[in-house]
>>> print(open('protein12.txt').read())   # compact mmCIF, C-alpha atoms and all ligand atoms
# COMPACT_ATOMS: atom_id res chain seq x y z
CA LYS A 1 -159.00 -91.66 -46.46
CA LYS A 2 -159.91 -95.31 -45.90
CA ARG A 3 -162.89 -96.59 -47.84
CA VAL A 4 -165.75 -98.90 -47.00
CA LEU A 5 -168.20 -99.99 -49.69
CA VAL A 6 -171.87 -100.54 -48.83
CA LEU A 7 -174.50 -102.29 -50.94
CA THR A 8 -178.04 -103.64 -50.66
CA GLY A 9 -179.02 -106.90 -52.41
CA GLY A 10 -182.14 -109.04 -52.90
CA GLY A 11 -185.68 -107.84 -52.23
CA ASP A 12 -186.01 -104.46 -50.55
CA CYS A 13 -187.17 -104.13 -46.97
CA PRO A 14 -188.23 -101.21 -44.74
CA GLY A 15 -185.17 -100.17 -42.74
CA LEU A 16 -182.47 -100.51 -45.42
CA ASN A 17 -181.97 -96.75 -45.54
CA ALA A 18 -181.67 -96.57 -41.75
CA VAL A 19 -178.81 -99.12 -41.93
CA ILE A 20 -177.05 -97.07 -44.63
CA ARG A 21 -177.44 -93.89 -42.57
CA GLY A 22 -176.21 -95.65 -39.41
CA ILE A 23 -173.05 -96.83 -41.22
CA PHE A 24 -172.41 -93.38 -42.69
CA LYS A 25 -172.94 -91.44 -39.46
CA ARG A 26 -170.76 -93.79 -37.39
CA ALA A 27 -168.02 -93.73 -40.06
CA LYS A 28 -168.12 -89.93 -40.17
CA LYS A 29 -167.14 -89.79 -36.51
CA GLU A 30 -163.86 -91.52 -37.38
CA LYS A 31 -162.77 -88.63 -39.69
CA ASN A 32 -160.42 -90.81 -41.80
CA TRP A 33 -163.11 -92.96 -43.44
CA GLU A 34 -165.35 -92.44 -46.41
CA VAL A 35 -168.35 -94.53 -47.38
CA LEU A 36 -168.99 -95.60 -50.96
CA GLY A 37 -172.24 -97.11 -52.20
CA SER A 38 -172.53 -99.62 -55.05
CA ILE A 39 -175.74 -99.05 -56.98
CA GLU A 40 -177.95 -102.17 -57.42
CA ALA A 41 -176.01 -104.60 -55.25
CA PHE A 42 -172.67 -105.62 -56.78
CA ASN A 43 -173.84 -104.58 -60.26
CA GLY A 44 -172.62 -101.04 -59.59
CA VAL A 45 -169.05 -102.28 -59.22
CA LEU A 46 -169.25 -104.73 -62.12
CA LYS A 47 -170.89 -102.36 -64.62
CA GLU A 48 -169.00 -100.53 -67.34
CA PRO A 49 -168.58 -97.73 -66.35
CA MET A 50 -168.90 -98.46 -62.63
CA GLU A 51 -171.90 -97.01 -60.77
CA VAL A 52 -170.48 -96.29 -57.35
CA ILE A 53 -171.33 -93.17 -55.36
CA ARG A 54 -169.69 -91.47 -52.40
CA LEU A 55 -172.15 -91.02 -49.55
CA THR A 56 -172.40 -87.56 -48.05
CA SER A 57 -174.31 -86.05 -45.12
CA LYS A 58 -176.69 -84.53 -47.64
CA LYS A 59 -177.35 -87.87 -49.34
CA VAL A 60 -178.26 -89.64 -46.10
CA ALA A 61 -180.14 -86.81 -44.39
CA GLY A 62 -183.54 -88.02 -43.22
CA ILE A 63 -183.42 -91.30 -45.19
CA HIS A 64 -184.05 -93.51 -42.11
CA VAL A 65 -187.73 -92.60 -42.40
CA LYS A 66 -188.05 -93.72 -46.00
CA GLY A 67 -188.75 -97.21 -47.31
CA GLY A 68 -186.74 -98.80 -50.12
CA THR A 69 -183.03 -98.20 -50.53
CA ILE A 70 -181.21 -95.14 -51.87
CA LEU A 71 -178.62 -97.58 -53.27
CA LYS A 72 -181.26 -99.53 -55.25
CA THR A 73 -181.32 -103.31 -55.20
CA THR A 74 -181.80 -106.34 -57.41
CA ASN A 75 -182.22 -110.10 -57.36
CA LYS A 76 -180.24 -110.25 -60.59
CA GLY A 77 -176.50 -109.76 -60.73
CA ASN A 78 -175.11 -112.41 -58.39
CA PRO A 79 -171.31 -112.19 -59.00
CA LEU A 80 -171.08 -115.97 -58.60
CA SER A 81 -173.37 -116.44 -61.56
CA TYR A 82 -173.09 -113.19 -63.43
CA PRO A 83 -174.78 -112.66 -66.82
CA VAL A 84 -172.36 -111.61 -69.58
CA GLN A 85 -173.06 -111.25 -73.27
CA ARG A 86 -171.03 -113.36 -75.71
CA GLU A 87 -169.79 -111.92 -79.02
CA ASP A 88 -172.64 -113.64 -80.90
CA GLY A 89 -175.16 -111.73 -78.74
CA SER A 90 -176.20 -114.69 -76.58
CA TRP A 91 -175.88 -114.64 -72.78
CA GLU A 92 -173.97 -116.88 -70.41
CA LYS A 93 -173.51 -116.87 -66.64
CA ILE A 94 -170.00 -116.84 -65.27
CA ASP A 95 -168.24 -116.69 -61.91
CA ASN A 96 -167.27 -113.03 -61.90
CA THR A 97 -165.82 -112.85 -58.39
CA ASP A 98 -162.19 -112.39 -59.51
CA GLU A 99 -163.20 -109.39 -61.63
CA LEU A 100 -165.19 -108.04 -58.68
CA ILE A 101 -162.21 -108.38 -56.35
CA THR A 102 -159.93 -106.60 -58.85
CA ARG A 103 -162.40 -103.75 -59.09
CA LEU A 104 -162.76 -103.48 -55.32
CA SER A 105 -159.01 -102.97 -55.04
CA GLN A 106 -159.11 -100.45 -57.93
CA LEU A 107 -161.65 -98.53 -55.86
CA GLY A 108 -159.29 -98.67 -52.89
CA VAL A 109 -161.92 -100.39 -50.76
CA GLU A 110 -160.67 -101.76 -47.42
CA ALA A 111 -163.93 -103.42 -46.44
CA VAL A 112 -167.39 -104.24 -47.79
CA ILE A 113 -170.69 -104.21 -45.89
CA ASN A 114 -173.26 -106.39 -47.66
CA ILE A 115 -176.84 -105.76 -46.52
CA GLY A 116 -179.00 -108.64 -47.69
CA GLY A 117 -180.82 -111.91 -47.04
CA ASP A 118 -179.60 -115.49 -47.20
CA GLY A 119 -178.68 -115.33 -50.90
CA SER A 120 -176.60 -112.17 -50.36
CA GLN A 121 -174.87 -113.62 -47.30
CA ASN A 122 -173.94 -116.76 -49.25
CA ILE A 123 -172.17 -114.42 -51.68
CA SER A 124 -170.51 -112.66 -48.70
CA GLN A 125 -169.18 -116.01 -47.43
CA VAL A 126 -167.67 -116.92 -50.83
CA LEU A 127 -166.04 -113.48 -51.15
CA TYR A 128 -164.69 -113.76 -47.60
CA GLU A 129 -163.14 -117.13 -48.44
CA LYS A 130 -161.49 -115.40 -51.41
CA GLY A 131 -159.92 -112.82 -49.12
CA VAL A 132 -162.43 -109.93 -49.19
CA ASN A 133 -162.85 -108.08 -45.87
CA ILE A 134 -166.60 -108.42 -45.78
CA ILE A 135 -169.33 -108.02 -43.17
CA GLY A 136 -172.97 -109.04 -43.50
CA VAL A 137 -176.09 -107.24 -42.31
CA PRO A 138 -179.19 -109.48 -42.29
CA LYS A 139 -182.24 -108.26 -44.17
CA THR A 140 -185.61 -109.88 -44.83
CA ILE A 141 -189.21 -109.06 -44.06
CA ASP A 142 -189.83 -112.82 -43.80
CA ASN A 143 -187.69 -113.16 -40.63
CA ASP A 144 -186.37 -116.51 -41.85
CA LEU A 145 -182.69 -116.06 -40.92
CA SER A 146 -181.94 -118.18 -37.88
CA ALA A 147 -178.79 -116.37 -36.73
CA THR A 148 -180.83 -113.37 -35.60
CA ASP A 149 -183.96 -113.31 -33.42
CA PHE A 150 -185.46 -110.60 -35.61
CA THR A 151 -184.61 -108.80 -38.81
CA PHE A 152 -185.61 -105.20 -39.43
CA GLY A 153 -188.58 -104.86 -41.75
CA PHE A 154 -190.38 -107.87 -40.30
CA ARG A 155 -192.39 -105.92 -37.74
CA THR A 156 -193.22 -103.22 -40.27
CA ALA A 157 -194.53 -105.92 -42.62
CA VAL A 158 -196.62 -107.44 -39.81
CA GLN A 159 -198.02 -104.00 -38.96
CA ILE A 160 -198.99 -103.34 -42.59
CA ALA A 161 -200.57 -106.80 -42.87
CA THR A 162 -202.45 -106.34 -39.58
CA ASP A 163 -203.82 -102.95 -40.63
CA SER A 164 -205.08 -104.53 -43.86
CA PHE A 165 -206.48 -107.52 -41.97
CA ASP A 166 -208.47 -105.24 -39.65
CA LYS A 167 -210.05 -103.62 -42.69
CA LEU A 168 -210.92 -106.97 -44.24
CA VAL A 169 -212.61 -108.14 -41.02
CA THR A 170 -215.26 -105.42 -41.12
CA THR A 171 -216.15 -106.08 -44.73
CA ALA A 172 -216.20 -109.90 -44.18
CA GLU A 173 -218.53 -109.34 -41.23
CA SER A 174 -220.90 -107.06 -43.17
CA HIS A 175 -221.24 -109.53 -46.04
CA HIS A 176 -221.13 -112.83 -44.09
CA ARG A 177 -218.15 -113.76 -46.20
CA VAL A 178 -215.01 -115.83 -45.93
CA MET A 179 -212.12 -113.47 -46.54
CA ILE A 180 -208.72 -114.83 -47.53
CA MET A 181 -205.71 -112.57 -47.10
CA GLU A 182 -202.42 -113.68 -48.63
CA VAL A 183 -199.20 -112.39 -47.10
CA MET A 184 -195.55 -112.89 -48.03
CA GLY A 185 -193.52 -115.77 -46.68
CA ARG A 186 -192.09 -118.12 -49.24
CA ASP A 187 -190.44 -120.46 -46.77
CA ALA A 188 -191.61 -119.27 -43.38
CA GLY A 189 -194.97 -118.37 -41.89
CA TRP A 190 -193.79 -115.69 -39.44
CA ILE A 191 -195.67 -112.79 -41.05
CA ALA A 192 -198.84 -114.87 -41.39
CA LEU A 193 -198.70 -116.17 -37.83
CA HIS A 194 -198.03 -112.80 -36.20
CA THR A 195 -200.73 -111.15 -38.32
CA ALA A 196 -203.24 -113.88 -37.52
CA MET A 197 -202.62 -113.43 -33.81
CA ALA A 198 -202.58 -109.62 -33.92
CA GLY A 199 -205.70 -109.45 -36.08
CA GLY A 200 -207.63 -112.37 -34.58
CA ALA A 201 -207.91 -114.67 -37.60
CA GLU A 202 -209.93 -117.85 -37.51
CA LEU A 203 -207.47 -119.72 -39.70
CA CYS A 204 -203.78 -119.35 -40.42
CA LEU A 205 -202.15 -121.40 -43.16
CA ILE A 206 -198.35 -121.50 -43.25
CA PRO A 207 -195.68 -123.44 -45.19
CA GLU A 208 -194.50 -125.28 -42.06
CA ILE A 209 -197.91 -126.88 -41.42
CA PRO A 210 -199.48 -128.35 -44.58
CA TYR A 211 -203.25 -128.00 -44.30
CA ASP A 212 -206.07 -130.46 -44.81
CA ILE A 213 -208.64 -128.62 -46.90
CA HIS A 214 -211.51 -130.61 -45.32
CA LYS A 215 -210.45 -129.52 -41.85
CA VAL A 216 -210.31 -125.91 -43.07
CA VAL A 217 -213.86 -126.21 -44.46
CA ASN A 218 -215.10 -127.90 -41.24
CA HIS A 219 -213.67 -125.07 -39.16
CA ILE A 220 -215.45 -122.49 -41.33
CA ASN A 221 -218.74 -124.42 -41.32
CA LYS A 222 -218.67 -124.76 -37.52
CA ARG A 223 -218.31 -120.98 -37.20
CA TYR A 224 -221.22 -120.35 -39.50
CA LYS A 225 -223.33 -122.91 -37.57
CA LYS A 226 -222.54 -121.08 -34.34
CA GLY A 227 -224.02 -117.99 -35.95
CA LYS A 228 -220.72 -116.18 -36.48
CA GLY A 229 -221.48 -115.59 -40.10
CA PHE A 230 -218.00 -114.75 -41.38
CA ALA A 231 -214.42 -116.04 -41.24
CA ASN A 232 -211.02 -114.53 -41.86
CA ILE A 233 -208.09 -116.55 -43.13
CA VAL A 234 -204.45 -115.48 -43.33
CA ILE A 235 -202.39 -117.56 -45.75
CA ALA A 236 -198.65 -117.30 -46.37
CA GLU A 237 -197.68 -117.46 -50.03
CA GLY A 238 -195.66 -120.64 -49.41
CA ALA A 239 -198.52 -122.56 -47.75
CA HIS A 240 -199.66 -125.77 -49.40
CA PRO A 241 -202.22 -128.54 -48.80
CA LYS A 242 -201.18 -131.84 -47.19
CA ASP A 243 -201.56 -133.79 -50.39
CA GLY A 244 -200.06 -131.03 -52.52
CA GLU A 245 -196.59 -130.94 -53.97
CA VAL A 246 -193.92 -130.05 -51.42
CA PHE A 247 -191.18 -127.89 -52.81
CA GLN A 248 -187.61 -127.94 -51.60
CA ARG A 249 -186.04 -124.56 -50.89
CA GLU A 250 -184.24 -124.43 -54.26
CA ALA A 251 -187.41 -125.12 -56.20
CA LYS A 252 -189.44 -122.73 -54.10
CA ALA A 253 -188.31 -119.60 -55.92
CA ALA A 254 -189.63 -120.99 -59.19
CA HIS A 255 -192.79 -122.17 -57.47
CA ALA A 256 -193.22 -118.73 -55.86
CA GLU A 257 -193.07 -117.13 -59.30
CA HIS A 258 -195.75 -119.56 -60.47
CA VAL A 259 -198.10 -118.94 -57.54
CA ARG A 260 -197.45 -115.21 -57.67
CA LEU A 261 -199.08 -115.12 -61.08
CA GLY A 262 -202.03 -117.20 -59.87
CA GLY A 263 -202.06 -116.19 -56.22
CA VAL A 264 -202.18 -118.77 -53.43
CA ALA A 265 -205.27 -116.98 -52.07
CA TYR A 266 -207.13 -117.75 -55.30
CA GLN A 267 -205.96 -121.36 -55.26
CA LEU A 268 -207.26 -121.74 -51.71
CA SER A 269 -210.53 -120.11 -52.74
CA SER A 270 -211.20 -122.73 -55.42
CA GLN A 271 -210.04 -125.57 -53.15
CA LEU A 272 -212.55 -124.38 -50.53
CA LYS A 273 -215.39 -124.33 -53.05
CA GLU A 274 -214.47 -127.79 -54.33
CA ALA A 275 -214.38 -129.11 -50.76
CA GLY A 276 -217.93 -127.89 -50.16
CA CYS A 277 -217.60 -124.45 -48.62
CA LYS A 278 -220.96 -122.79 -49.22
CA ALA A 279 -220.09 -119.31 -48.01
CA GLU A 280 -219.22 -116.53 -50.37
CA ILE A 281 -215.44 -116.09 -50.59
CA ARG A 282 -213.29 -113.08 -51.42
CA GLU A 283 -209.52 -112.89 -51.79
CA ALA A 284 -206.94 -110.17 -51.14
CA VAL A 285 -203.28 -110.53 -52.08
CA LEU A 286 -201.23 -107.96 -50.18
CA GLY A 287 -198.02 -108.44 -52.15
CA HIS A 288 -195.38 -105.75 -52.15
CA VAL A 289 -197.45 -103.32 -50.07
CA GLN A 290 -195.86 -105.26 -47.18
CA ARG A 291 -192.38 -104.25 -48.25
CA GLY A 292 -193.01 -100.62 -49.05
CA GLY A 293 -193.31 -97.40 -47.17
CA THR A 294 -191.90 -96.10 -43.95
CA PRO A 295 -190.43 -98.49 -41.35
CA ILE A 296 -192.03 -98.49 -37.90
CA ALA A 297 -189.91 -97.08 -35.05
CA PHE A 298 -188.69 -100.49 -33.82
CA ASP A 299 -187.30 -101.36 -37.25
CA ARG A 300 -185.64 -97.95 -37.60
CA VAL A 301 -183.89 -98.51 -34.29
CA LEU A 302 -182.85 -102.10 -35.08
CA ALA A 303 -181.63 -101.10 -38.54
CA THR A 304 -179.64 -98.17 -37.12
CA LEU A 305 -178.05 -100.43 -34.50
CA PHE A 306 -177.13 -102.92 -37.24
CA GLY A 307 -175.54 -100.13 -39.31
CA VAL A 308 -173.52 -98.71 -36.43
CA LYS A 309 -172.38 -102.18 -35.34
CA ALA A 310 -171.43 -103.16 -38.92
CA PHE A 311 -169.11 -100.17 -39.18
CA GLU A 312 -167.62 -100.90 -35.75
CA MET A 313 -166.94 -104.44 -36.99
CA VAL A 314 -164.98 -102.86 -39.85
CA LEU A 315 -162.93 -100.87 -37.32
CA ASP A 316 -162.33 -104.01 -35.24
CA GLY A 317 -161.47 -106.14 -38.28
CA GLU A 318 -164.30 -108.58 -37.49
CA PHE A 319 -164.61 -109.83 -41.06
CA GLY A 320 -166.44 -112.91 -42.30
CA ARG A 321 -169.16 -112.23 -39.76
CA MET A 322 -172.73 -110.95 -39.75
CA VAL A 323 -174.28 -108.56 -37.27
CA CYS A 324 -177.29 -110.03 -35.46
CA TYR A 325 -179.83 -109.44 -32.71
CA ARG A 326 -180.01 -112.17 -30.08
CA GLY A 327 -181.63 -112.08 -26.66
CA ASN A 328 -182.07 -108.29 -26.83
CA LYS A 329 -178.38 -107.75 -27.62
CA ILE A 330 -176.61 -106.70 -30.81
CA CYS A 331 -173.90 -109.27 -31.46
CA THR A 332 -172.10 -111.01 -34.32
CA VAL A 333 -172.11 -114.47 -35.85
CA SER A 334 -169.88 -116.09 -38.48
CA LEU A 335 -171.29 -115.90 -42.00
CA LYS A 336 -170.82 -119.65 -42.19
CA GLU A 337 -173.16 -120.22 -39.26
CA ALA A 338 -175.55 -117.52 -40.48
CA THR A 339 -176.00 -119.18 -43.86
CA SER A 340 -176.20 -122.78 -42.68
CA THR A 341 -179.74 -122.87 -41.27
CA TYR A 342 -183.07 -121.13 -41.72
CA ASN A 343 -185.53 -119.89 -39.19
CA VAL A 344 -188.92 -121.42 -39.79
CA VAL A 345 -191.90 -121.67 -37.45
CA LYS A 346 -191.63 -124.81 -35.29
CA LYS A 347 -194.83 -126.80 -35.03
CA ASP A 348 -194.33 -127.38 -31.32
CA SER A 349 -193.38 -123.78 -30.54
CA TYR A 350 -195.19 -121.81 -27.87
CA LEU A 351 -196.40 -119.35 -30.52
CA ILE A 352 -198.28 -122.13 -32.32
CA GLN A 353 -199.56 -123.58 -29.03
CA ALA A 354 -200.78 -120.16 -27.92
CA ALA A 355 -202.40 -119.47 -31.30
CA LYS A 356 -204.23 -122.80 -31.05
CA GLY A 357 -205.06 -121.91 -27.46
CA ILE A 358 -207.06 -118.88 -28.62
CA GLY A 359 -208.83 -120.92 -31.29
CA ILE A 360 -206.78 -120.21 -34.42
CA SER A 361 -206.85 -123.26 -36.66
CA PHE A 362 -203.93 -124.26 -38.88
CA GLY A 363 -206.05 -126.73 -40.78
CA ASP A 364 -203.92 -129.64 -39.51
O1 LIG B 401 -187.84 -111.57 -49.23
C1 LIG B 401 -188.59 -112.67 -49.61
C2 LIG B 401 -189.92 -112.25 -50.07
O2 LIG B 401 -190.47 -111.37 -49.17
C3 LIG B 401 -190.78 -113.50 -50.25
O3 LIG B 401 -191.68 -113.73 -49.21
C4 LIG B 401 -191.43 -113.25 -51.58
O4 LIG B 401 -191.63 -114.44 -52.26
C5 LIG B 401 -190.41 -112.44 -52.29
O5 LIG B 401 -189.85 -111.62 -51.31
C6 LIG B 401 -190.94 -111.66 -53.46
O6 LIG B 401 -189.94 -110.81 -53.90
P1 LIG B 401 -189.74 -110.26 -55.38
O7 LIG B 401 -191.09 -110.00 -55.93
O8 LIG B 401 -188.93 -109.04 -55.19
O9 LIG B 401 -189.03 -111.32 -56.11
>>> encode(input="protein12.txt", output="structure tokens")
Amino acid sequence: KKRVLVLTGGGDCPGLNAVIRGIFKRAKKEKNWEVLGSIEAFNGVLKEPMEVIRLTSKKVAGIHVKGGTILKTTNKGNPLSYPVQREDGSWEKIDNTDELITRLSQLGVEAVINIGGDGSQNISQVLYEKGVNIIGVPKTIDNDLSATDFTFGFRTAVQIATDSFDKLVTTAESHHRVMIMEVMGRDAGWIALHTAMAGGAELCLIPEIPYDIHKVVNHINKRYKKGKGFANIVIAEGAHPKDGEVFQREAKAAHAEHVRLGGVAYQLSSQLKEAGCKAEIREAVLGHVQRGGTPIAFDRVLATLFGVKAFEMVLDGEFGRMVCYRGNKICTVSLKEATSTYNVVKKDSYLIQAAKGIGISFGD
């Protein structure tokens, strides 16, 4: 039988299991294919002994409904910068792609399907240039990959955030409070913006539009003056004030780790107090709740379509490409193009205009 290896890398995302099931079920129809799964991204192949499983109907039965990934995932274990222990016990990072390629041929793998975000697809591109028959499937709840209109997991995350937002509105209203809800979005404000519009937030702070804290306070004060004694703010974790430090993409991961420990919502809370906000403020950091649990129906469908298409790309020999969703069609794009730009919210987009049109302030 011919073999295709599947893996999931980077942060998890609702819909990953539906992709895996889609690949398996489509491959099963071909009779002469079997699907292997590397546990914890490429680590499963690189580990001693290898941790690679053969997928079966039993293993994938009903998994499209479940969050997470049956293949596990990790942000650690990039084969381009792989941690290995020296004889003296210390660690170094090496380019381990040649070893990976040797092991893939030992496994008799004809093709690899790498389900992951921008970091994972950068790895896919390097492996493709080294001769690996690889296909990418885009994954991120943040929706910041520009080659695809939407990624699976994004709408589930927005739904979870909106449900939480609705709950925070009633308690803000009862207590005349300012409620700050922090959502994910290190580089892009898609989750924040969609949640703000779906929930009806007064303020939405996103990385693409640095905010002026005085304008944020003025907006809140005006509402209180009008007698609407509460305000709800959605802030993306990557948002920052106008005069704050602006982080480049590379430095953002480190910054994200820093703010994660403090919480951007808490930072905003103290900035508001310093800038003269008199109202009582409370903060809620949603965190990984947004990435967990069962994917909504749309994401299950999109993820299944991605899985089926990815396997059909294997059959057609369409390597070095990533499956994508553009203009309501499932299509493909070169990994090179897919990894060259990011999808962030454009300040002059209709979404922003419309949000402003219904009175949402971005503090700009
Ligand atoms: O996928 C990106 C993301 O959703 C970011 O918005 C967030 O910073 C990150 O995941 C957190 O992931 P982890 O805690 O797994 O590093």
>>> closest_residue(input="protein12.txt", among="A:Gly262, A:Gly359, A:Gly276, A:Gly229", to="Ala196 in chain A", atoms="only C-alpha atoms")
A:Gly359
>>> residues_around(input="protein12.txt", residues="Cys277 in chain A", least_positions_apart="5", cutoff="12 Å", atoms="only C-alpha atoms", output="ChimeraX atom specification")
/A:177-178,213-224,231,268-272
>>> residues_near_ligand(input="protein12.txt", ligand="ligand LIG 401 (chain B)", cutoff="9 Å", atoms="all atoms listed in the file", output="count of residues only")
31
>>> residues_around(input="protein12.txt", residues="range 301-310 of chain A", least_positions_apart="5", cutoff="7 Å", atoms="all atoms listed in the file", output="list in words")
Gly15, Leu16, Ala18, Val19, Ile20, Gly22, Ile23, Arg26, Ile135, Val137, Phe152 and Val323 of chain A
>>> residues_around(input="protein12.txt", residues="Ala61 in chain A", least_positions_apart="3", cutoff="8 Å", atoms="all atoms listed in the file", output="PyMOL selection string")
chain A and resi 21+57-58
>>> atom_distance(input="protein12.txt", atom1="CA of Phe165 in chain A", atom2="CA of Lys66 in chain A")
23.4 Å
>>> closest_residue(input="protein12.txt", among="A:Val65, A:Ile160, A:Ala111, A:Leu55", to="Val314 in chain A", atoms="all atoms listed in the file")
A:Ala111
>>> residues_around(input="protein12.txt", residues="range 200-210 of chain A", least_positions_apart="4", cutoff="6 Å", atoms="only C-alpha atoms", output="list of chain:residue names")
A:Gly189, A:Ala196, A:Asn232, A:Ile233, A:Val234, A:Ile235, A:Ala236, A:Gly238, A:Ala239, A:His240, A:Pro241, A:Lys242, A:Ile360, A:Ser361, A:Phe362
>>> write_last_selection(input="protein12.txt", atoms="C-alpha atoms", output="short mmCIF file (atom, residue, chain, number, x, y, z; two decimals), in the coordinates of the input")
data_model
loop_
_atom_site.label_atom_id
_atom_site.label_comp_id
_atom_site.auth_asym_id
_atom_site.auth_seq_id
_atom_site.Cartn_x
_atom_site.Cartn_y
_atom_site.Cartn_z
CA GLY A 189 -194.97 -118.37 -41.89
CA ALA A 196 -203.24 -113.88 -37.52
CA ASN A 232 -211.02 -114.53 -41.86
CA ILE A 233 -208.09 -116.55 -43.13
CA VAL A 234 -204.45 -115.48 -43.33
CA ILE A 235 -202.39 -117.56 -45.75
CA ALA A 236 -198.65 -117.30 -46.37
CA GLY A 238 -195.66 -120.64 -49.41
CA ALA A 239 -198.52 -122.56 -47.75
CA HIS A 240 -199.66 -125.77 -49.40
CA PRO A 241 -202.22 -128.54 -48.80
CA LYS A 242 -201.18 -131.84 -47.19
CA ILE A 360 -206.78 -120.21 -34.42
CA SER A 361 -206.85 -123.26 -36.66
CA PHE A 362 -203.93 -124.26 -38.88
#
>>> residues_around(input="protein12.txt", residues="range 327-336 of chain A", least_positions_apart="6", cutoff="9 Å", atoms="only C-alpha atoms", output="mmCIF file with C-alpha atoms, in the coordinates of the input")
data_model
loop_
_atom_site.group_PDB
_atom_site.id
_atom_site.type_symbol
_atom_site.label_atom_id
_atom_site.label_comp_id
_atom_site.auth_asym_id
_atom_site.auth_seq_id
_atom_site.Cartn_x
_atom_site.Cartn_y
_atom_site.Cartn_z
ATOM 1 C CA GLN A 121 -174.870 -113.620 -47.300
ATOM 2 C CA ASN A 122 -173.940 -116.760 -49.250
ATOM 3 C CA SER A 124 -170.510 -112.660 -48.700
ATOM 4 C CA GLN A 125 -169.180 -116.010 -47.430
ATOM 5 C CA TYR A 128 -164.690 -113.760 -47.600
ATOM 6 C CA ILE A 135 -169.330 -108.020 -43.170
ATOM 7 C CA GLY A 136 -172.970 -109.040 -43.500
ATOM 8 C CA ALA A 147 -178.790 -116.370 -36.730
ATOM 9 C CA THR A 148 -180.830 -113.370 -35.600
ATOM 10 C CA ASP A 149 -183.960 -113.310 -33.420
ATOM 11 C CA LEU A 302 -182.850 -102.100 -35.080
ATOM 12 C CA LEU A 305 -178.050 -100.430 -34.500
ATOM 13 C CA PHE A 306 -177.130 -102.920 -37.240
ATOM 14 C CA LYS A 309 -172.380 -102.180 -35.340
ATOM 15 C CA MET A 313 -166.940 -104.440 -36.990
ATOM 16 C CA GLU A 318 -164.300 -108.580 -37.490
ATOM 17 C CA PHE A 319 -164.610 -109.830 -41.060
ATOM 18 C CA GLY A 320 -166.440 -112.910 -42.300
ATOM 19 C CA ARG A 321 -169.160 -112.230 -39.760
#
>>> atom_distance(input="protein12.txt", atom1="CA of Arg3 in chain A", atom2="CA of Ile53 in chain A")
11.8 Å
>>> axis_aligned_box(input="protein12.txt", around="range 156-159 of chain A", padding_each_side="3 Å", output="JSON")
{"center_x": -195.6, "center_y": -105.3, "center_z": -40.8, "size_x": 10.8, "size_y": 10.2, "size_z": 9.7}
>>> closest_residue(input="protein12.txt", among="A:Asp316, A:Asp299, A:Glu30, A:Glu283", to="Ile180 in chain A", atoms="only C-alpha atoms")
A:Glu283
>>> closest_residue(input="protein12.txt", among="A:Asn96, A:Thr56, A:Thr8, A:Asn17", to="Val35 in chain A", atoms="all atoms listed in the file")
A:Thr56
>>> closest_residue(input="protein12.txt", among="A:Val4, A:Leu36, A:Ala157, A:Leu107", to="Thr294 in chain A", atoms="all atoms listed in the file")
A:Ala157
>>> atom_distance(input="protein12.txt", atom1="CA of Ser38 in chain A", atom2="CA of Glu312 in chain A")
20.0 Å
>>> residues_near_point(input="protein12.txt", point="(-221.3, -117.6, -45.9)", cutoff="6 Å", atoms="all atoms listed in the file", output="list in words")
His176, Arg177, Ala279 and Glu280 of chain A
>>> closest_residue(input="protein12.txt", among="A:Leu127, A:Ala41, A:Leu351, A:Val112", to="Asp95 in chain A", atoms="only C-alpha atoms")
A:Leu127
